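Here is the file start04.pdb (PDB, C-alpha atoms).
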ATOM      1  CA  ARG A  18     -19.050   3.718  24.607
ATOM      2  CA  TYR A  19     -17.087   0.844  23.057
ATOM      3  CA  CYS A  20     -19.925   0.092  20.649
ATOM      4  CA  ARG A  21     -19.805   3.645  19.303
ATOM      5  CA  ILE A  22     -16.024   3.537  18.901
ATOM      6  CA  LEU A  23     -16.074   0.199  17.077
ATOM      7  CA  ASP A  24     -19.010   1.292  14.915
ATOM      8  CA  SER A  25     -17.140   4.471  13.935
ATOM      9  CA  LEU A  26     -14.252   2.255  12.785
ATOM     10  CA  GLY A  27     -16.594   0.311  10.484
ATOM     11  CA  PHE A  28     -17.160  -2.826  12.541
ATOM     12  CA  SER A  29     -20.489  -4.617  12.804
ATOM     13  CA  VAL A  30     -21.374  -4.237  16.479
ATOM     14  CA  THR A  31     -23.902  -5.735  18.873
ATOM     15  CA  GLY A  32     -24.126  -4.280  22.362
ATOM     16  CA  VAL A  33     -25.530  -6.280  25.271
ATOM     17  CA  ASP A  34     -26.490  -4.838  28.645
ATOM     18  CA  VAL A  35     -28.441  -6.122  31.637
ATOM     19  CA  SER A  36     -30.080  -2.708  32.163
ATOM     20  CA  LYS A  37     -33.090  -2.015  29.971
ATOM     21  CA  ASP A  38     -32.681   1.696  30.737
ATOM     22  CA  MET A  39     -29.083   1.642  29.470
ATOM     23  CA  ILE A  40     -30.195  -0.196  26.315
ATOM     24  CA  LYS A  41     -32.846   2.482  25.741
ATOM     25  CA  LYS A  42     -30.266   5.288  26.162
ATOM     26  CA  ALA A  43     -27.803   3.507  23.881
ATOM     27  CA  ARG A  44     -30.436   3.103  21.159
ATOM     28  CA  GLU A  45     -31.286   6.816  21.415
ATOM     29  CA  THR A  46     -27.658   7.937  21.076
ATOM     30  CA  SER A  47     -26.604   5.280  18.528
ATOM     31  CA  PRO A  48     -29.652   4.197  16.492
ATOM     32  CA  LYS A  49     -27.551   2.379  13.834
ATOM     33  CA  ILE A  50     -26.082  -0.066  16.355
ATOM     34  CA  LYS A  51     -27.896  -3.240  17.404
ATOM     35  CA  PHE A  52     -28.442  -3.354  21.176
ATOM     36  CA  ILE A  53     -30.005  -6.287  23.007
ATOM     37  CA  HIS A  54     -31.001  -6.927  26.588
ATOM     38  CA  GLY A  55     -29.038  -9.702  28.261
ATOM     39  CA  ALA A  56     -26.699 -10.684  31.053
ATOM     40  CA  LEU A  57     -23.055 -11.730  31.052
ATOM     41  CA  THR A  58     -24.109 -15.011  32.643
ATOM     42  CA  ASN A  59     -26.352 -15.832  29.661
ATOM     43  CA  ILE A  60     -25.331 -13.795  26.607
ATOM     44  CA  PRO A  61     -28.149 -13.897  24.013
ATOM     45  CA  VAL A  62     -25.756 -14.466  21.096
ATOM     46  CA  GLU A  63     -25.061 -17.632  19.089
ATOM     47  CA  ASP A  64     -22.054 -19.848  19.833
ATOM     48  CA  SER A  65     -18.806 -18.888  18.056
ATOM     49  CA  SER A  66     -20.432 -15.912  16.355
ATOM     50  CA  VAL A  67     -18.200 -12.948  17.273
ATOM     51  CA  ASP A  68     -14.616 -12.037  16.442
ATOM     52  CA  VAL A  69     -14.143  -9.900  19.554
ATOM     53  CA  ALA A  70     -16.077  -9.925  22.829
ATOM     54  CA  ILE A  71     -15.591  -7.091  25.311
ATOM     55  CA  ALA A  72     -16.602  -6.937  28.974
ATOM     56  CA  ALA A  73     -15.842  -3.491  30.370
ATOM     57  CA  LEU A  74     -16.159  -2.583  34.055
ATOM     58  CA  ALA A  75     -18.665  -5.377  34.630
ATOM     59  CA  LEU A  76     -17.108  -8.506  36.145
ATOM     60  CA  THR A  77     -16.179  -6.744  39.379
ATOM     61  CA  HIS A  78     -19.916  -6.474  40.124
ATOM     62  CA  LEU A  79     -20.329 -10.270  40.043
ATOM     63  CA  LEU A  80     -19.392 -12.596  42.900
ATOM     64  CA  ASP A  81     -18.647 -15.498  40.546
ATOM     65  CA  ILE A  82     -16.832 -14.677  37.301
ATOM     66  CA  LYS A  83     -16.458 -18.223  35.942
ATOM     67  CA  LYS A  84     -19.858 -18.272  34.180
ATOM     68  CA  PRO A  85     -19.549 -14.850  32.496
ATOM     69  CA  ILE A  86     -16.035 -15.597  31.230
ATOM     70  CA  SER A  87     -17.301 -18.958  29.994
ATOM     71  CA  GLU A  88     -20.106 -17.125  28.158
ATOM     72  CA  LEU A  89     -17.651 -14.693  26.574
ATOM     73  CA  SER A  90     -15.631 -17.691  25.401
ATOM     74  CA  ARG A  91     -18.748 -19.479  24.106
ATOM     75  CA  VAL A  92     -19.777 -16.601  21.819
ATOM     76  CA  THR A  93     -16.240 -15.949  20.521
ATOM     77  CA  LYS A  94     -14.957 -17.687  17.389
ATOM     78  CA  LYS A  95     -11.854 -19.881  17.572
ATOM     79  CA  GLY A  96      -8.901 -17.537  17.106
ATOM     80  CA  GLY A  97     -11.057 -14.597  18.205
ATOM     81  CA  HIS A  98     -10.256 -12.259  21.052
ATOM     82  CA  ILE A  99     -11.794 -11.381  24.391
ATOM     83  CA  ILE A 100     -11.035  -8.091  26.127
ATOM     84  CA  ILE A 101     -11.874  -7.809  29.820
ATOM     85  CA  SER A 102     -11.289  -4.555  31.654
ATOM     86  CA  ASP A 103     -12.130  -3.758  35.234
ATOM     87  CA  ILE A 104     -11.148  -1.801  38.292
ATOM     88  CA  HIS A 105      -7.978  -3.273  39.796
ATOM     89  CA  PRO A 106      -8.604  -5.852  42.564
ATOM     90  CA  TRP A 107      -6.482  -4.028  45.140
ATOM     91  CA  ILE A 108      -8.796  -0.992  44.860
ATOM     92  CA  VAL A 109     -11.825  -3.210  45.503
ATOM     93  CA  THR A 110     -10.062  -4.844  48.460
ATOM     94  CA  LEU A 111      -9.447  -1.421  49.990
ATOM     95  CA  GLY A 112     -13.151  -0.596  49.733
ATOM     96  CA  GLY A 113     -13.530   0.873  46.242
ATOM     97  CA  GLN A 114     -17.175   0.707  45.230
ATOM     98  CA  ALA A 115     -19.217   2.204  42.381
ATOM     99  CA  ASP A 116     -21.194   4.811  44.259
ATOM    100  CA  PHE A 117     -23.787   7.200  42.856
ATOM    101  CA  TYR A 118     -26.702   9.500  43.608
ATOM    102  CA  ASP A 119     -30.028   8.724  41.931
ATOM    103  CA  LYS A 120     -32.396  11.266  40.387
ATOM    104  CA  ASN A 121     -33.892  11.877  43.862
ATOM    105  CA  ASN A 122     -30.415  12.547  45.293
ATOM    106  CA  ASN A 123     -30.439   9.300  47.294
ATOM    107  CA  TYR A 124     -27.013   7.739  47.793
ATOM    108  CA  GLY A 125     -26.348   4.185  46.666
ATOM    109  CA  TYR A 126     -23.618   1.922  45.393
ATOM    110  CA  ILE A 127     -23.194  -1.141  43.250
ATOM    111  CA  ARG A 128     -21.147  -3.784  45.080
ATOM    112  CA  ASN A 129     -17.706  -4.691  43.759
ATOM    113  CA  TYR A 130     -16.042  -8.047  44.437
ATOM    114  CA  THR A 131     -12.321  -8.804  44.496
ATOM    115  CA  HIS A 132     -11.060 -11.117  41.736
ATOM    116  CA  TRP A 133      -7.325 -11.735  41.966
ATOM    117  CA  HIS A 134      -5.126 -12.410  38.947
ATOM    118  CA  SER A 135      -4.716 -16.044  40.012
ATOM    119  CA  HIS A 136      -8.487 -16.548  39.917
ATOM    120  CA  TYR A 137      -8.645 -15.172  36.365
ATOM    121  CA  HIS A 138      -5.701 -17.365  35.303
ATOM    122  CA  GLU A 139      -7.368 -20.518  36.617
ATOM    123  CA  ILE A 140     -10.566 -19.752  34.684
ATOM    124  CA  PHE A 141      -8.646 -18.841  31.512
ATOM    125  CA  ARG A 142      -6.627 -22.068  31.704
ATOM    126  CA  ASN A 143      -9.754 -24.204  32.181
ATOM    127  CA  LEU A 144     -11.425 -22.535  29.168
ATOM    128  CA  ASN A 145      -8.323 -22.780  26.923
ATOM    129  CA  LEU A 146      -8.069 -19.008  26.699
ATOM    130  CA  LYS A 147      -4.561 -17.802  25.946
ATOM    131  CA  VAL A 148      -3.435 -14.632  27.711
ATOM    132  CA  ILE A 149      -2.044 -12.311  25.040
ATOM    133  CA  ASN A 150      -1.601  -9.343  27.343
ATOM    134  CA  CYS A 151      -2.309  -8.146  30.868
ATOM    135  CA  ILE A 152      -2.221  -4.374  31.252
ATOM    136  CA  GLU A 153      -2.360  -2.501  34.546
ATOM    137  CA  PRO A 154      -2.614   1.246  33.840
ATOM    138  CA  GLU A 155      -1.200   3.318  36.680
ATOM    139  CA  ILE A 156      -2.873   6.018  38.699
ATOM    140  CA  LYS A 157      -1.862   9.444  37.385
ATOM    141  CA  GLN A 158      -2.411  12.927  38.810
ATOM    142  CA  LYS A 159      -5.920  13.166  37.292
ATOM    143  CA  GLN A 160      -7.043  10.088  39.250
ATOM    144  CA  VAL A 161      -5.199  11.264  42.396
ATOM    145  CA  ASN A 162      -7.314  14.429  42.278
ATOM    146  CA  LEU A 163     -10.469  12.276  42.332
ATOM    147  CA  ILE A 164      -9.136  10.014  45.078
ATOM    148  CA  LYS A 165      -8.303  13.044  47.269
ATOM    149  CA  LEU A 166     -12.019  13.833  47.472
ATOM    150  CA  GLY A 167     -12.532  10.702  49.589
ATOM    151  CA  PHE A 168      -9.842  11.427  52.158
ATOM    152  CA  ASN A 169      -9.326  14.026  54.841
ATOM    153  CA  LEU A 170      -5.575  14.103  54.183
ATOM    154  CA  ARG A 171      -3.116  16.563  52.688
ATOM    155  CA  ASP A 172      -2.889  16.505  48.896
ATOM    156  CA  GLU A 173       0.767  15.462  49.045
ATOM    157  CA  THR A 174      -0.042  12.520  51.320
ATOM    158  CA  VAL A 175      -2.706  11.139  48.973
ATOM    159  CA  SER A 176      -0.561  11.758  45.904
ATOM    160  CA  GLU A 177       2.436   9.978  47.458
ATOM    161  CA  ALA A 178       0.282   7.037  48.583
ATOM    162  CA  PHE A 179      -1.523   6.393  45.289
ATOM    163  CA  SER A 180       0.579   7.676  42.370
ATOM    164  CA  GLY A 181       1.952   4.830  40.288
ATOM    165  CA  LEU A 182      -0.307   2.110  41.708
ATOM    166  CA  PRO A 183      -2.415   0.147  39.212
ATOM    167  CA  LEU A 184      -5.877   1.602  38.586
ATOM    168  CA  ALA A 185      -7.329  -0.978  36.224
ATOM    169  CA  LEU A 186      -6.801  -4.545  35.098
ATOM    170  CA  ILE A 187      -7.133  -5.262  31.384
ATOM    171  CA  TRP A 188      -6.885  -8.753  29.907
ATOM    172  CA  GLU A 189      -6.472  -9.503  26.204
ATOM    173  CA  LEU A 190      -7.242 -13.159  25.499
ATOM    174  CA  GLU A 191      -7.313 -15.402  22.462
ATOM    175  CA  LYS A 192      -9.694 -18.346  22.173
ATOM    176  CA  SER A 193      -7.764 -21.495  21.237
TER     177      SER A 193
END
Would it be possible to restate this file's structure as structure tokens?
Amino acid sequence: RYCRILDSLGFSVTGVDVSKDMIKKARETSPKIKFIHGALTNIPVEDSSVDVAIAALALTHLLDIKKPISELSRVTKKGGHIIISDIHPWIVTLGGQADFYDKNNNYGYIRNYTHWHSHYHEIFRNLNLKVINCIEPEIKQKQVNLIKLGFNLRDETVSEAFSGLPLALIWELEKS
């Protein structure tokens, strides 16, 4: 998704994903963009070779986020930026998981782990990454409607409980 947006704006883009199936789909939908198989814990890109590195909705699936953030820093040029977005840690703490049904209609989920702001700050400080911005978009009515599906409560109760709470955590960093 982000690769297509950046490509449409004229940027040279390389997408990396741990899933070979996702790489295959991405190549089919965006044949002009370079996609490579790799993991956030060992990004197959040269040191200091990118202006902007983006990790979207990925770190929450990893127990230890120090190595992937270190890798994002390693591939980013000095003065470059790193954007990290993820589901807000309070949602994970309350049991928010990435659930799905496979092609055979079998239920499954991908585990999410809680990473508090303080944990991110410690890693950023140790890697000399400057926090430019920390954004916490709030839950709006559209998201409340989705949340209501998981509760056997009145609509007003769910709306009152969740409206205005942070939904995501987005970090904008600069490599010093």
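Pairwise distance (atom CA of A:Trp107, atom CA of A:Thr58) equals 24.2 Å.
Counting all atoms listed in the file and comparing A:Glu88, A:Ile108, A:Thr31, A:Cys151, the residue that lies closest to A:Ile164 is A:Ile108.
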Worksheet item: Care to translate the PyMOL selection byres ((chain A and resi 141) around 12) into actual residues of this file, as a PyMOL selection string?
Response: chain A and resi 82-87+89-90+99+101+134-140+142-149+188-193
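Of note, atom CA of A:Leu79 and atom CA of A:Pro61 are spaced 18.2 Å apart.
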Discussion item. Applying the PyMOL selection byres ((chain A and resi 21-25) around 12) to the file I just gave you, which residues come out? Please list them as an MDAnalysis selection string.
Written reply: chainID A and resid 18:20 26:32 43:44 46:52 69:71
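The coordinates place atom CA of A:Leu184 at 15.3 Å from atom CA of A:Leu76.
Nearest residue to A:Val109, choosing from A:Thr77, A:Asn122, A:Lys165, A:Arg91 and counting all atoms listed in the file: A:Thr77.
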